[in-house]
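S.K.: To be precise about what I am sending: the file is called target27.pdb and holds PDB, C-alpha atoms, pLDDT in the B column.
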MODEL        1
ATOM      1  CA  ILE P   1      80.248  52.420  14.567  1.00 59.00           C
ATOM      2  CA  ALA P   2      81.063  55.666  12.786  1.00 84.00           C
ATOM      3  CA  VAL P   3      84.822  55.093  13.146  1.00 87.00           C
ATOM      4  CA  THR P   4      84.652  51.563  11.743  1.00 87.00           C
ATOM      5  CA  THR P   5      82.551  52.755   8.797  1.00 89.00           C
ATOM      6  CA  VAL P   6      85.081  55.481   8.025  1.00 92.00           C
ATOM      7  CA  ILE P   7      87.980  53.000   8.250  1.00 91.00           C
ATOM      8  CA  LEU P   8      86.183  50.565   5.955  1.00 90.00           C
ATOM      9  CA  PHE P   9      85.393  53.101   3.241  1.00 92.00           C
ATOM     10  CA  VAL P  10      88.718  54.952   3.434  1.00 93.00           C
ATOM     11  CA  VAL P  11      90.788  51.766   3.096  1.00 93.00           C
ATOM     12  CA  PHE P  12      88.502  50.531   0.311  1.00 93.00           C
ATOM     13  CA  GLY P  13      88.703  53.857  -1.540  1.00 93.00           C
ATOM     14  CA  VAL P  14      92.489  54.085  -1.224  1.00 94.00           C
ATOM     15  CA  LEU P  15      92.954  50.552  -2.505  1.00 94.00           C
ATOM     16  CA  LEU P  16      90.660  51.211  -5.474  1.00 92.00           C
ATOM     17  CA  PHE P  17      92.531  54.442  -6.202  1.00 93.00           C
ATOM     18  CA  LEU P  18      95.804  52.496  -6.215  1.00 94.00           C
ATOM     19  CA  GLY P  19      94.376  50.114  -8.826  1.00 92.00           C
ATOM     20  CA  VAL P  20      93.918  47.061  -6.614  1.00 92.00           C
ATOM     21  CA  PRO P  21      91.183  44.722  -7.938  1.00 91.00           C
ATOM     22  CA  ILE P  22      87.775  45.217  -6.332  1.00 91.00           C
ATOM     23  CA  SER P  23      87.612  41.748  -4.781  1.00 89.00           C
ATOM     24  CA  VAL P  24      91.005  42.186  -3.113  1.00 92.00           C
ATOM     25  CA  SER P  25      90.034  45.699  -1.988  1.00 92.00           C
ATOM     26  CA  ILE P  26      86.869  44.395  -0.332  1.00 91.00           C
ATOM     27  CA  ILE P  27      88.756  41.634   1.482  1.00 90.00           C
ATOM     28  CA  ALA P  28      91.625  43.873   2.591  1.00 92.00           C
ATOM     29  CA  SER P  29      89.368  46.697   3.797  1.00 92.00           C
ATOM     30  CA  SER P  30      87.230  44.186   5.727  1.00 89.00           C
ATOM     31  CA  ILE P  31      90.289  42.661   7.392  1.00 88.00           C
ATOM     32  CA  VAL P  32      91.750  46.061   8.330  1.00 90.00           C
ATOM     33  CA  THR P  33      88.401  47.207   9.745  1.00 89.00           C
ATOM     34  CA  ALA P  34      87.902  43.996  11.713  1.00 87.00           C
ATOM     35  CA  MET P  35      91.430  44.101  13.135  1.00 88.00           C
ATOM     36  CA  SER P  36      90.957  47.693  14.264  1.00 88.00           C
ATOM     37  CA  THR P  37      87.884  46.879  16.362  1.00 85.00           C
ATOM     38  CA  LEU P  38      87.875  43.167  17.265  1.00 85.00           C
ATOM     39  CA  SER P  39      90.226  40.688  18.867  1.00 87.00           C
ATOM     40  CA  TRP P  40      91.771  37.886  16.812  1.00 86.00           C
ATOM     41  CA  ASP P  41      89.522  35.271  18.480  1.00 88.00           C
ATOM     42  CA  GLN P  42      86.408  37.253  17.590  1.00 88.00           C
ATOM     43  CA  ILE P  43      87.568  37.745  13.996  1.00 86.00           C
ATOM     44  CA  THR P  44      88.202  34.026  13.438  1.00 87.00           C
ATOM     45  CA  PHE P  45      84.906  33.041  15.095  1.00 89.00           C
ATOM     46  CA  ILE P  46      82.852  35.498  13.016  1.00 86.00           C
ATOM     47  CA  THR P  47      84.691  34.571   9.812  1.00 83.00           C
ATOM     48  CA  MET P  48      84.115  30.848  10.298  1.00 85.00           C
ATOM     49  CA  GLN P  49      80.471  31.433  11.225  1.00 86.00           C
ATOM     50  CA  LYS P  50      79.838  33.540   8.105  1.00 82.00           C
ATOM     51  CA  MET P  51      81.674  31.062   5.855  1.00 78.00           C
ATOM     52  CA  ASN P  52      79.590  28.202   7.232  1.00 79.00           C
ATOM     53  CA  SER P  53      76.285  30.053   6.821  1.00 75.00           C
ATOM     54  CA  GLY P  54      77.276  31.031   3.269  1.00 67.00           C
ATOM     55  CA  VAL P  55      77.893  27.421   2.296  1.00 67.00           C
ATOM     56  CA  GLU P  56      74.552  26.350   3.797  1.00 69.00           C
ATOM     57  CA  SER P  57      72.628  28.517   1.314  1.00 62.00           C
ATOM     58  CA  PHE P  58      71.153  26.078  -1.206  1.00 61.00           C
ATOM     59  CA  SER P  59      70.639  28.614  -3.963  1.00 57.00           C
ATOM     60  CA  LEU P  60      74.167  30.033  -3.678  1.00 57.00           C
ATOM     61  CA  LEU P  61      75.669  26.559  -3.569  1.00 64.00           C
ATOM     62  CA  ALA P  62      73.670  25.520  -6.644  1.00 64.00           C
ATOM     63  CA  VAL P  63      75.174  28.189  -8.917  1.00 64.00           C
ATOM     64  CA  PRO P  64      78.746  26.816  -9.062  1.00 74.00           C
ATOM     65  CA  LEU P  65      77.380  23.290  -9.370  1.00 73.00           C
ATOM     66  CA  PHE P  66      75.244  24.318 -12.357  1.00 68.00           C
ATOM     67  CA  ILE P  67      78.282  25.958 -13.937  1.00 70.00           C
ATOM     68  CA  LEU P  68      80.182  22.720 -13.313  1.00 78.00           C
ATOM     69  CA  ALA P  69      77.336  20.793 -14.971  1.00 73.00           C
ATOM     70  CA  GLY P  70      77.525  23.164 -17.941  1.00 69.00           C
ATOM     71  CA  ASN P  71      81.269  22.638 -18.253  1.00 74.00           C
ATOM     72  CA  ILE P  72      80.860  18.869 -18.017  1.00 79.00           C
ATOM     73  CA  MET P  73      78.172  18.966 -20.718  1.00 72.00           C
ATOM     74  CA  ASN P  74      80.403  21.188 -22.837  1.00 71.00           C
ATOM     75  CA  ASN P  75      83.442  18.927 -22.475  1.00 78.00           C
ATOM     76  CA  GLY P  76      81.310  15.825 -22.963  1.00 78.00           C
ATOM     77  CA  GLY P  77      80.001  17.116 -26.286  1.00 76.00           C
ATOM     78  CA  ILE P  78      76.348  17.636 -25.312  1.00 73.00           C
ATOM     79  CA  ALA P  79      76.565  21.368 -25.997  1.00 67.00           C
ATOM     80  CA  LYS P  80      78.015  20.736 -29.467  1.00 68.00           C
ATOM     81  CA  ARG P  81      75.246  18.247 -30.231  1.00 70.00           C
ATOM     82  CA  LEU P  82      72.613  20.765 -29.079  1.00 64.00           C
ATOM     83  CA  ILE P  83      74.109  23.412 -31.362  1.00 63.00           C
ATOM     84  CA  ASN P  84      74.145  20.986 -34.303  1.00 60.00           C
ATOM     85  CA  PHE P  85      70.520  20.100 -33.557  1.00 58.00           C
ATOM     86  CA  ALA P  86      69.294  23.649 -33.009  1.00 54.00           C
ATOM     87  CA  HIS P  87      71.494  25.449 -35.570  1.00 61.00           C
ATOM     88  CA  THR P  88      71.147  28.733 -33.666  1.00 73.00           C
ATOM     89  CA  ASN P  89      72.547  30.249 -30.523  1.00 74.00           C
ATOM     90  CA  SER P  90      69.084  31.159 -29.198  1.00 77.00           C
ATOM     91  CA  ILE P  91      67.565  27.702 -29.503  1.00 77.00           C
ATOM     92  CA  ALA P  92      70.710  26.011 -28.196  1.00 79.00           C
ATOM     93  CA  ASN P  93      70.713  28.326 -25.155  1.00 77.00           C
ATOM     94  CA  MET P  94      67.018  27.631 -24.641  1.00 78.00           C
ATOM     95  CA  LEU P  95      67.536  23.853 -24.658  1.00 76.00           C
ATOM     96  CA  PHE P  96      70.745  23.943 -22.618  1.00 77.00           C
ATOM     97  CA  GLY P  97      69.278  26.334 -20.026  1.00 76.00           C
ATOM     98  CA  ALA P  98      66.266  24.064 -19.584  1.00 75.00           C
ATOM     99  CA  LEU P  99      68.557  21.087 -18.968  1.00 73.00           C
ATOM    100  CA  SER P 100      71.078  22.785 -16.695  1.00 72.00           C
ATOM    101  CA  GLY P 101      68.755  25.224 -14.913  1.00 72.00           C
ATOM    102  CA  SER P 102      71.336  27.998 -15.112  1.00 75.00           C
ATOM    103  CA  SER P 103      71.591  30.818 -17.602  1.00 78.00           C
ATOM    104  CA  VAL P 104      75.241  31.306 -16.636  1.00 79.00           C
ATOM    105  CA  ALA P 105      76.036  27.688 -17.483  1.00 78.00           C
ATOM    106  CA  ALA P 106      74.099  27.971 -20.743  1.00 80.00           C
ATOM    107  CA  ALA P 107      75.904  31.166 -21.764  1.00 82.00           C
ATOM    108  CA  SER P 108      79.258  29.638 -20.863  1.00 82.00           C
ATOM    109  CA  ALA P 109      78.774  26.324 -22.623  1.00 80.00           C
ATOM    110  CA  ILE P 110      76.948  27.515 -25.741  1.00 80.00           C
ATOM    111  CA  GLY P 111      79.110  30.632 -26.058  1.00 81.00           C
ATOM    112  CA  GLY P 112      82.230  28.497 -25.836  1.00 80.00           C
ATOM    113  CA  CYS P 113      80.995  26.250 -28.650  1.00 78.00           C
ATOM    114  CA  MET P 114      79.509  29.005 -30.811  1.00 79.00           C
ATOM    115  CA  SER P 115      82.371  31.492 -30.581  1.00 81.00           C
ATOM    116  CA  PRO P 116      84.768  29.651 -32.939  1.00 81.00           C
ATOM    117  CA  ILE P 117      81.942  28.989 -35.404  1.00 79.00           C
ATOM    118  CA  GLU P 118      80.858  32.641 -35.328  1.00 78.00           C
ATOM    119  CA  LYS P 119      84.439  33.846 -35.805  1.00 83.00           C
ATOM    120  CA  GLU P 120      84.815  31.501 -38.755  1.00 81.00           C
ATOM    121  CA  GLN P 121      81.651  32.927 -40.339  1.00 77.00           C
ATOM    122  CA  LYS P 122      82.837  36.530 -39.726  1.00 81.00           C
ATOM    123  CA  TYR P 123      80.251  37.521 -37.098  1.00 79.00           C
ATOM    124  CA  ASP P 124      80.984  40.690 -35.129  1.00 81.00           C
ATOM    125  CA  PRO P 125      82.327  39.440 -31.746  1.00 83.00           C
ATOM    126  CA  ALA P 126      80.372  42.078 -29.797  1.00 85.00           C
ATOM    127  CA  TYR P 127      77.125  41.135 -31.537  1.00 80.00           C
ATOM    128  CA  ALA P 128      77.757  37.413 -31.060  1.00 81.00           C
ATOM    129  CA  ALA P 129      78.392  37.921 -27.343  1.00 85.00           C
ATOM    130  CA  ALA P 130      75.287  40.102 -26.983  1.00 83.00           C
ATOM    131  CA  ALA P 131      73.106  37.506 -28.749  1.00 81.00           C
ATOM    132  CA  ASN P 132      74.503  34.769 -26.500  1.00 82.00           C
ATOM    133  CA  ILE P 133      73.935  36.766 -23.319  1.00 83.00           C
ATOM    134  CA  ALA P 134      70.425  37.840 -24.329  1.00 81.00           C
ATOM    135  CA  SER P 135      69.318  34.316 -25.209  1.00 80.00           C
ATOM    136  CA  ALA P 136      70.886  32.540 -22.220  1.00 81.00           C
ATOM    137  CA  PRO P 137      68.008  33.163 -19.736  1.00 81.00           C
ATOM    138  CA  THR P 138      65.340  31.767 -22.076  1.00 79.00           C
ATOM    139  CA  GLY P 139      65.761  28.223 -20.785  1.00 76.00           C
ATOM    140  CA  LEU P 140      65.019  29.174 -17.186  1.00 76.00           C
ATOM    141  CA  LEU P 141      61.273  29.049 -17.857  1.00 75.00           C
ATOM    142  CA  ILE P 142      61.268  25.718 -19.648  1.00 76.00           C
ATOM    143  CA  PRO P 143      60.940  22.580 -17.501  1.00 73.00           C
ATOM    144  CA  PRO P 144      62.858  20.710 -16.165  1.00 67.00           C
ATOM    145  CA  THR P 145      64.539  23.779 -14.747  1.00 71.00           C
ATOM    146  CA  SER P 146      65.714  24.041 -11.183  1.00 71.00           C
ATOM    147  CA  ALA P 147      64.461  27.645 -10.981  1.00 74.00           C
ATOM    148  CA  PHE P 148      60.918  26.325 -10.511  1.00 73.00           C
ATOM    149  CA  ILE P 149      62.002  23.946  -7.773  1.00 70.00           C
ATOM    150  CA  VAL P 150      63.823  26.700  -5.891  1.00 74.00           C
ATOM    151  CA  TYR P 151      60.830  29.042  -6.346  1.00 74.00           C
ATOM    152  CA  SER P 152      58.452  26.396  -5.016  1.00 72.00           C
ATOM    153  CA  THR P 153      60.620  25.924  -1.935  1.00 71.00           C
ATOM    154  CA  VAL P 154      60.995  29.638  -1.251  1.00 76.00           C
ATOM    155  CA  ALA P 155      57.323  30.447  -1.919  1.00 76.00           C
ATOM    156  CA  GLY P 156      56.175  27.862   0.577  1.00 72.00           C
ATOM    157  CA  GLY P 157      54.949  24.884  -1.372  1.00 69.00           C
ATOM    158  CA  VAL P 158      53.705  26.101  -4.743  1.00 74.00           C
ATOM    159  CA  SER P 159      52.932  23.061  -6.878  1.00 76.00           C
ATOM    160  CA  ILE P 160      55.979  22.190  -8.980  1.00 68.00           C
ATOM    161  CA  SER P 161      53.852  20.372 -11.555  1.00 74.00           C
ATOM    162  CA  THR P 162      51.730  23.520 -11.995  1.00 75.00           C
ATOM    163  CA  LEU P 163      54.866  25.590 -12.443  1.00 72.00           C
ATOM    164  CA  PHE P 164      56.174  23.092 -14.997  1.00 71.00           C
ATOM    165  CA  MET P 165      52.915  23.214 -16.977  1.00 72.00           C
ATOM    166  CA  ALA P 166      52.860  27.020 -16.888  1.00 71.00           C
ATOM    167  CA  GLY P 167      56.473  27.362 -18.011  1.00 66.00           C
ATOM    168  CA  TYR P 168      56.436  25.759 -21.431  1.00 67.00           C
ATOM    169  CA  VAL P 169      54.583  28.380 -23.472  1.00 71.00           C
ATOM    170  CA  PRO P 170      56.276  31.537 -22.098  1.00 74.00           C
ATOM    171  CA  GLY P 171      59.719  29.932 -22.191  1.00 71.00           C
ATOM    172  CA  ILE P 172      59.418  28.710 -25.761  1.00 72.00           C
ATOM    173  CA  LEU P 173      57.824  31.998 -26.848  1.00 76.00           C
ATOM    174  CA  MET P 174      60.680  33.950 -25.253  1.00 73.00           C
ATOM    175  CA  GLY P 175      63.235  31.746 -27.040  1.00 72.00           C
ATOM    176  CA  VAL P 176      61.533  32.154 -30.422  1.00 74.00           C
ATOM    177  CA  VAL P 177      61.280  35.945 -30.018  1.00 77.00           C
ATOM    178  CA  CYS P 178      64.952  36.072 -29.050  1.00 72.00           C
ATOM    179  CA  MET P 179      65.842  34.021 -32.126  1.00 72.00           C
ATOM    180  CA  ILE P 180      63.830  36.320 -34.425  1.00 76.00           C
ATOM    181  CA  VAL P 181      65.429  39.456 -32.959  1.00 74.00           C
ATOM    182  CA  ALA P 182      68.911  37.934 -33.323  1.00 71.00           C
ATOM    183  CA  PHE P 183      68.155  36.943 -36.918  1.00 72.00           C
ATOM    184  CA  ILE P 184      66.953  40.445 -37.806  1.00 76.00           C
ATOM    185  CA  GLY P 185      69.982  42.006 -36.085  1.00 72.00           C
ATOM    186  CA  ALA P 186      72.375  39.675 -37.905  1.00 69.00           C
ATOM    187  CA  LYS P 187      70.764  40.521 -41.266  1.00 74.00           C
ATOM    188  CA  LYS P 188      71.145  44.260 -40.553  1.00 76.00           C
ATOM    189  CA  LEU P 189      74.813  43.805 -39.677  1.00 69.00           C
ATOM    190  CA  GLY P 190      75.405  41.681 -42.755  1.00 65.00           C
TER
ENDMDL
END
As structure tokens, what does this structure read like?
M.R.:
Amino acid sequence: IAVTTVILFVVFGVLLFLGVPISVSIIASSIVTAMSTLSWDQITFITMQKMNSGVESFSLLAVPLFILAGNIMNNGGIAKRLINFAHTNSIANMLFGALSGSSVAAASAIGGCMSPIEKEQKYDPAYAAAANIASAPTGLLIPPTSAFIVYSTVAGGVSISTLFMAGYVPGILMGVVCMIVAFIGAKKLG
């Protein structure tokens, strides 16, 4: 085990030192380590087994599907309509996150719509990105979010309706506080 650990970290370190991207370095160092200790049949069997178990994870499989839903909503114009209705990044992220159940999808869709508008109105790009990222998770507490459904499943049968009732006030409060902080920050920056 000590030899395989050394091989893994040495190959990974050398590849990082050479400027290879981290994802490629992880894959290459894993392949080199596996080939130094296992037969080809064992490598393919373990790889297929791990790939299959990774796809079976509901929560990991849900993330790209939520991002897809966010992109579909963005391309379909729902995100633009939410922005026109809400007039702020924080409220739009709060509404979009509640619908999609993913802060990543909310940040992607609302940020994509808001970025041209913010550039046009001379917002600092770093501040606009920070406000978008900070307000994206606010919708995860507002029903109908999938975060409550996943939590209920993992926690062993917590009542989803109770979670939905408990989520409204903290989620909306978090969104309003985020909007106030963003407004104050924008005023300070001019």
S.K.: Check the smallest atom-to-atom distance from each of P:Ile78, P:Ala182, P:Val177, P:Ile26 to Tyr123 in chain P using all atoms listed in the file, then report the winner.
M.R.: P:Ala182
S.K.: List the residues selected by the PyMOL selection byres ((chain P and resi 110) around 8) in the file shown, writing them as number ranges by chain.
M.R.: P: 74, 79-80, 83, 89, 92-93, 96, 106-109, 111-114, 132
S.K.: Export, as a PDB file, in the coordinates of the input, the selected residues with C-alpha atoms.
M.R.:
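Saved as result-v5.pdb:
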ATOM      1  CA  ASN P  74      80.403  21.188 -22.837  1.00 71.00           C
ATOM      2  CA  ALA P  79      76.565  21.368 -25.997  1.00 67.00           C
ATOM      3  CA  LYS P  80      78.015  20.736 -29.467  1.00 68.00           C
ATOM      4  CA  ILE P  83      74.109  23.412 -31.362  1.00 63.00           C
ATOM      5  CA  ASN P  89      72.547  30.249 -30.523  1.00 74.00           C
ATOM      6  CA  ALA P  92      70.710  26.011 -28.196  1.00 79.00           C
ATOM      7  CA  ASN P  93      70.713  28.326 -25.155  1.00 77.00           C
ATOM      8  CA  PHE P  96      70.745  23.943 -22.618  1.00 77.00           C
ATOM      9  CA  ALA P 106      74.099  27.971 -20.743  1.00 80.00           C
ATOM     10  CA  ALA P 107      75.904  31.166 -21.764  1.00 82.00           C
ATOM     11  CA  SER P 108      79.258  29.638 -20.863  1.00 82.00           C
ATOM     12  CA  ALA P 109      78.774  26.324 -22.623  1.00 80.00           C
ATOM     13  CA  GLY P 111      79.110  30.632 -26.058  1.00 81.00           C
ATOM     14  CA  GLY P 112      82.230  28.497 -25.836  1.00 80.00           C
ATOM     15  CA  CYS P 113      80.995  26.250 -28.650  1.00 78.00           C
ATOM     16  CA  MET P 114      79.509  29.005 -30.811  1.00 79.00           C
ATOM     17  CA  ASN P 132      74.503  34.769 -26.500  1.00 82.00           C
TER      18      ASN P 132
END
S.K.: Quick one: apply the PyMOL selection byres ((chain P and resi 7) around 12) to the file and drop the selected residues here as a PDB file with C-alpha atoms, in the coordinates of the input.
M.R.:
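The resulting file, part-v1.pdb, is reproduced below:
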ATOM      1  CA  ILE P   1      80.248  52.420  14.567  1.00 59.00           C
ATOM      2  CA  ALA P   2      81.063  55.666  12.786  1.00 84.00           C
ATOM      3  CA  VAL P   3      84.822  55.093  13.146  1.00 87.00           C
ATOM      4  CA  THR P   4      84.652  51.563  11.743  1.00 87.00           C
ATOM      5  CA  THR P   5      82.551  52.755   8.797  1.00 89.00           C
ATOM      6  CA  VAL P   6      85.081  55.481   8.025  1.00 92.00           C
ATOM      7  CA  LEU P   8      86.183  50.565   5.955  1.00 90.00           C
ATOM      8  CA  PHE P   9      85.393  53.101   3.241  1.00 92.00           C
ATOM      9  CA  VAL P  10      88.718  54.952   3.434  1.00 93.00           C
ATOM     10  CA  VAL P  11      90.788  51.766   3.096  1.00 93.00           C
ATOM     11  CA  PHE P  12      88.502  50.531   0.311  1.00 93.00           C
ATOM     12  CA  GLY P  13      88.703  53.857  -1.540  1.00 93.00           C
ATOM     13  CA  VAL P  14      92.489  54.085  -1.224  1.00 94.00           C
ATOM     14  CA  ALA P  28      91.625  43.873   2.591  1.00 92.00           C
ATOM     15  CA  SER P  29      89.368  46.697   3.797  1.00 92.00           C
ATOM     16  CA  SER P  30      87.230  44.186   5.727  1.00 89.00           C
ATOM     17  CA  ILE P  31      90.289  42.661   7.392  1.00 88.00           C
ATOM     18  CA  VAL P  32      91.750  46.061   8.330  1.00 90.00           C
ATOM     19  CA  THR P  33      88.401  47.207   9.745  1.00 89.00           C
ATOM     20  CA  ALA P  34      87.902  43.996  11.713  1.00 87.00           C
ATOM     21  CA  MET P  35      91.430  44.101  13.135  1.00 88.00           C
ATOM     22  CA  SER P  36      90.957  47.693  14.264  1.00 88.00           C
ATOM     23  CA  THR P  37      87.884  46.879  16.362  1.00 85.00           C
TER      24      THR P  37
END
S.K.: Select, from P:Ser152, P:Ser53, P:Thr145, P:Thr138, the residue with the minimum atom-to-atom distance to Met94 in chain P, counting all atoms listed in the file.
M.R.: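 Counting all atoms listed in the file, the residue closest to Met94 in chain P is P:Thr138.
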S.K.: To one decimal place, how far is CA of Arg81 in chain P from CA of Ile142 in chain P in Å?
M.R.: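 Interatomic distance here is 19.1 Å.
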S.K.: Quick one: residues within 12 Å of Phe183 in chain P, all atoms listed in the file counted, chain neighbours fewer than 5 positions away excluded, as a list in words?
M.R.: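 Here the answer would be Thr88, Asn89, Ser90, Ile91, Tyr127, Ala128, Ala131, Val176, Val177, Cys178, Lys188, Leu189 and Gly190 of chain P.
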S.K.: One number please: CA of Ala166 in chain P to CA of Leu68 in chain P, in Å, one decimal.
M.R.: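 Separation between CA of Ala166 in chain P and CA of Leu68 in chain P: 27.9 Å.
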S.K.: What's the separation between CA of Ala105 in chain P and CA of Asn71 in chain P, in Å to one decimal place?
M.R.: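 The value is 7.3 Å.
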S.K.: Of the residues P:Leu95, P:Ser159, P:Ser103, P:Ile46, which is the one nearest to Gly175 in chain P, using all atoms listed in the file?
M.R.: P:Leu95
S.K.: Once the PyMOL selection byres ((chain P and resi 171) around 8) has been applied to the shown file, what residues remain in the selection, as a PyMOL selection string?
M.R.: chain P and resi 138-142+167-170+172-175
S.K.: Write out the residues from the selection above, keeping C-alpha atoms, as an mmCIF file, in the coordinates of the input.
M.R.:
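The file below, part_16.cif, is the result:
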data_model
loop_
_atom_site.group_PDB
_atom_site.id
_atom_site.type_symbol
_atom_site.label_atom_id
_atom_site.label_comp_id
_atom_site.auth_asym_id
_atom_site.auth_seq_id
_atom_site.Cartn_x
_atom_site.Cartn_y
_atom_site.Cartn_z
ATOM 1 C CA THR P 138 65.340 31.767 -22.076
ATOM 2 C CA GLY P 139 65.761 28.223 -20.785
ATOM 3 C CA LEU P 140 65.019 29.174 -17.186
ATOM 4 C CA LEU P 141 61.273 29.049 -17.857
ATOM 5 C CA ILE P 142 61.268 25.718 -19.648
ATOM 6 C CA GLY P 167 56.473 27.362 -18.011
ATOM 7 C CA TYR P 168 56.436 25.759 -21.431
ATOM 8 C CA VAL P 169 54.583 28.380 -23.472
ATOM 9 C CA PRO P 170 56.276 31.537 -22.098
ATOM 10 C CA ILE P 172 59.418 28.710 -25.761
ATOM 11 C CA LEU P 173 57.824 31.998 -26.848
ATOM 12 C CA MET P 174 60.680 33.950 -25.253
ATOM 13 C CA GLY P 175 63.235 31.746 -27.040
#
S.K.: Calculate, to one decimal in Å, the centre and edge lengths of the box along x, y and z of the file that holds all listed atoms of range 127-142 of chain P with 5 Å of margin on each side, and present them as AutoDock Vina command-line options.
M.R.:
--center_x 69.8 --center_y 33.4 --center_z -24.4 --size_x 27.1 --size_y 25.4 --size_z 24.4
S.K.: Some atoms are absent from range 151-157 of chain P, so rebuild all heavy atoms and return them as a CSV table (one decimal), keeping the file's coordinate frame.
M.R.:
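Wrote result_29.csv, looks like this:
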chain,number,residue,atom,x,y,z
P,151,TYR,N,62.0,28.1,-6.6
P,151,TYR,CA,60.8,29.0,-6.3
P,151,TYR,C,59.8,28.4,-5.5
P,151,TYR,O,59.2,29.0,-4.6
P,151,TYR,CB,60.2,29.5,-7.7
P,151,TYR,CG,59.0,30.3,-7.5
P,151,TYR,CD1,59.1,31.7,-7.1
P,151,TYR,CD2,57.7,29.8,-7.6
P,151,TYR,CE1,58.0,32.5,-6.9
P,151,TYR,CE2,56.6,30.6,-7.4
P,151,TYR,CZ,56.7,31.9,-7.1
P,151,TYR,OH,55.6,32.6,-6.9
P,152,SER,N,59.5,27.1,-5.8
P,152,SER,CA,58.5,26.4,-5.0
P,152,SER,C,58.9,26.3,-3.5
P,152,SER,O,58.0,26.4,-2.7
P,152,SER,CB,58.2,25.0,-5.6
P,152,SER,OG,57.4,24.2,-4.8
P,153,THR,N,60.1,26.0,-3.3
P,153,THR,CA,60.6,25.9,-1.9
P,153,THR,C,60.5,27.3,-1.2
P,153,THR,O,60.1,27.3,-0.1
P,153,THR,CB,62.1,25.4,-1.9
P,153,THR,OG1,62.1,24.2,-2.7
P,153,THR,CG2,62.6,25.2,-0.5
P,154,VAL,N,61.0,28.3,-1.9
P,154,VAL,CA,61.0,29.6,-1.3
P,154,VAL,C,59.6,30.2,-1.0
P,154,VAL,O,59.3,30.8,0.0
P,154,VAL,CB,61.8,30.6,-2.1
P,154,VAL,CG1,61.7,32.0,-1.6
P,154,VAL,CG2,63.3,30.2,-2.1
P,155,ALA,N,58.7,29.9,-2.0
P,155,ALA,CA,57.3,30.4,-1.9
P,155,ALA,C,56.4,29.7,-1.0
P,155,ALA,O,55.3,30.1,-0.7
P,155,ALA,CB,56.7,30.5,-3.3
P,156,GLY,N,56.9,28.6,-0.4
P,156,GLY,CA,56.2,27.9,0.6
P,156,GLY,C,55.3,26.8,0.0
P,156,GLY,O,54.1,26.6,0.5
P,157,GLY,N,55.7,26.1,-0.9
P,157,GLY,CA,54.9,24.9,-1.4
P,157,GLY,C,54.1,25.1,-2.6
P,157,GLY,O,53.1,24.4,-2.7
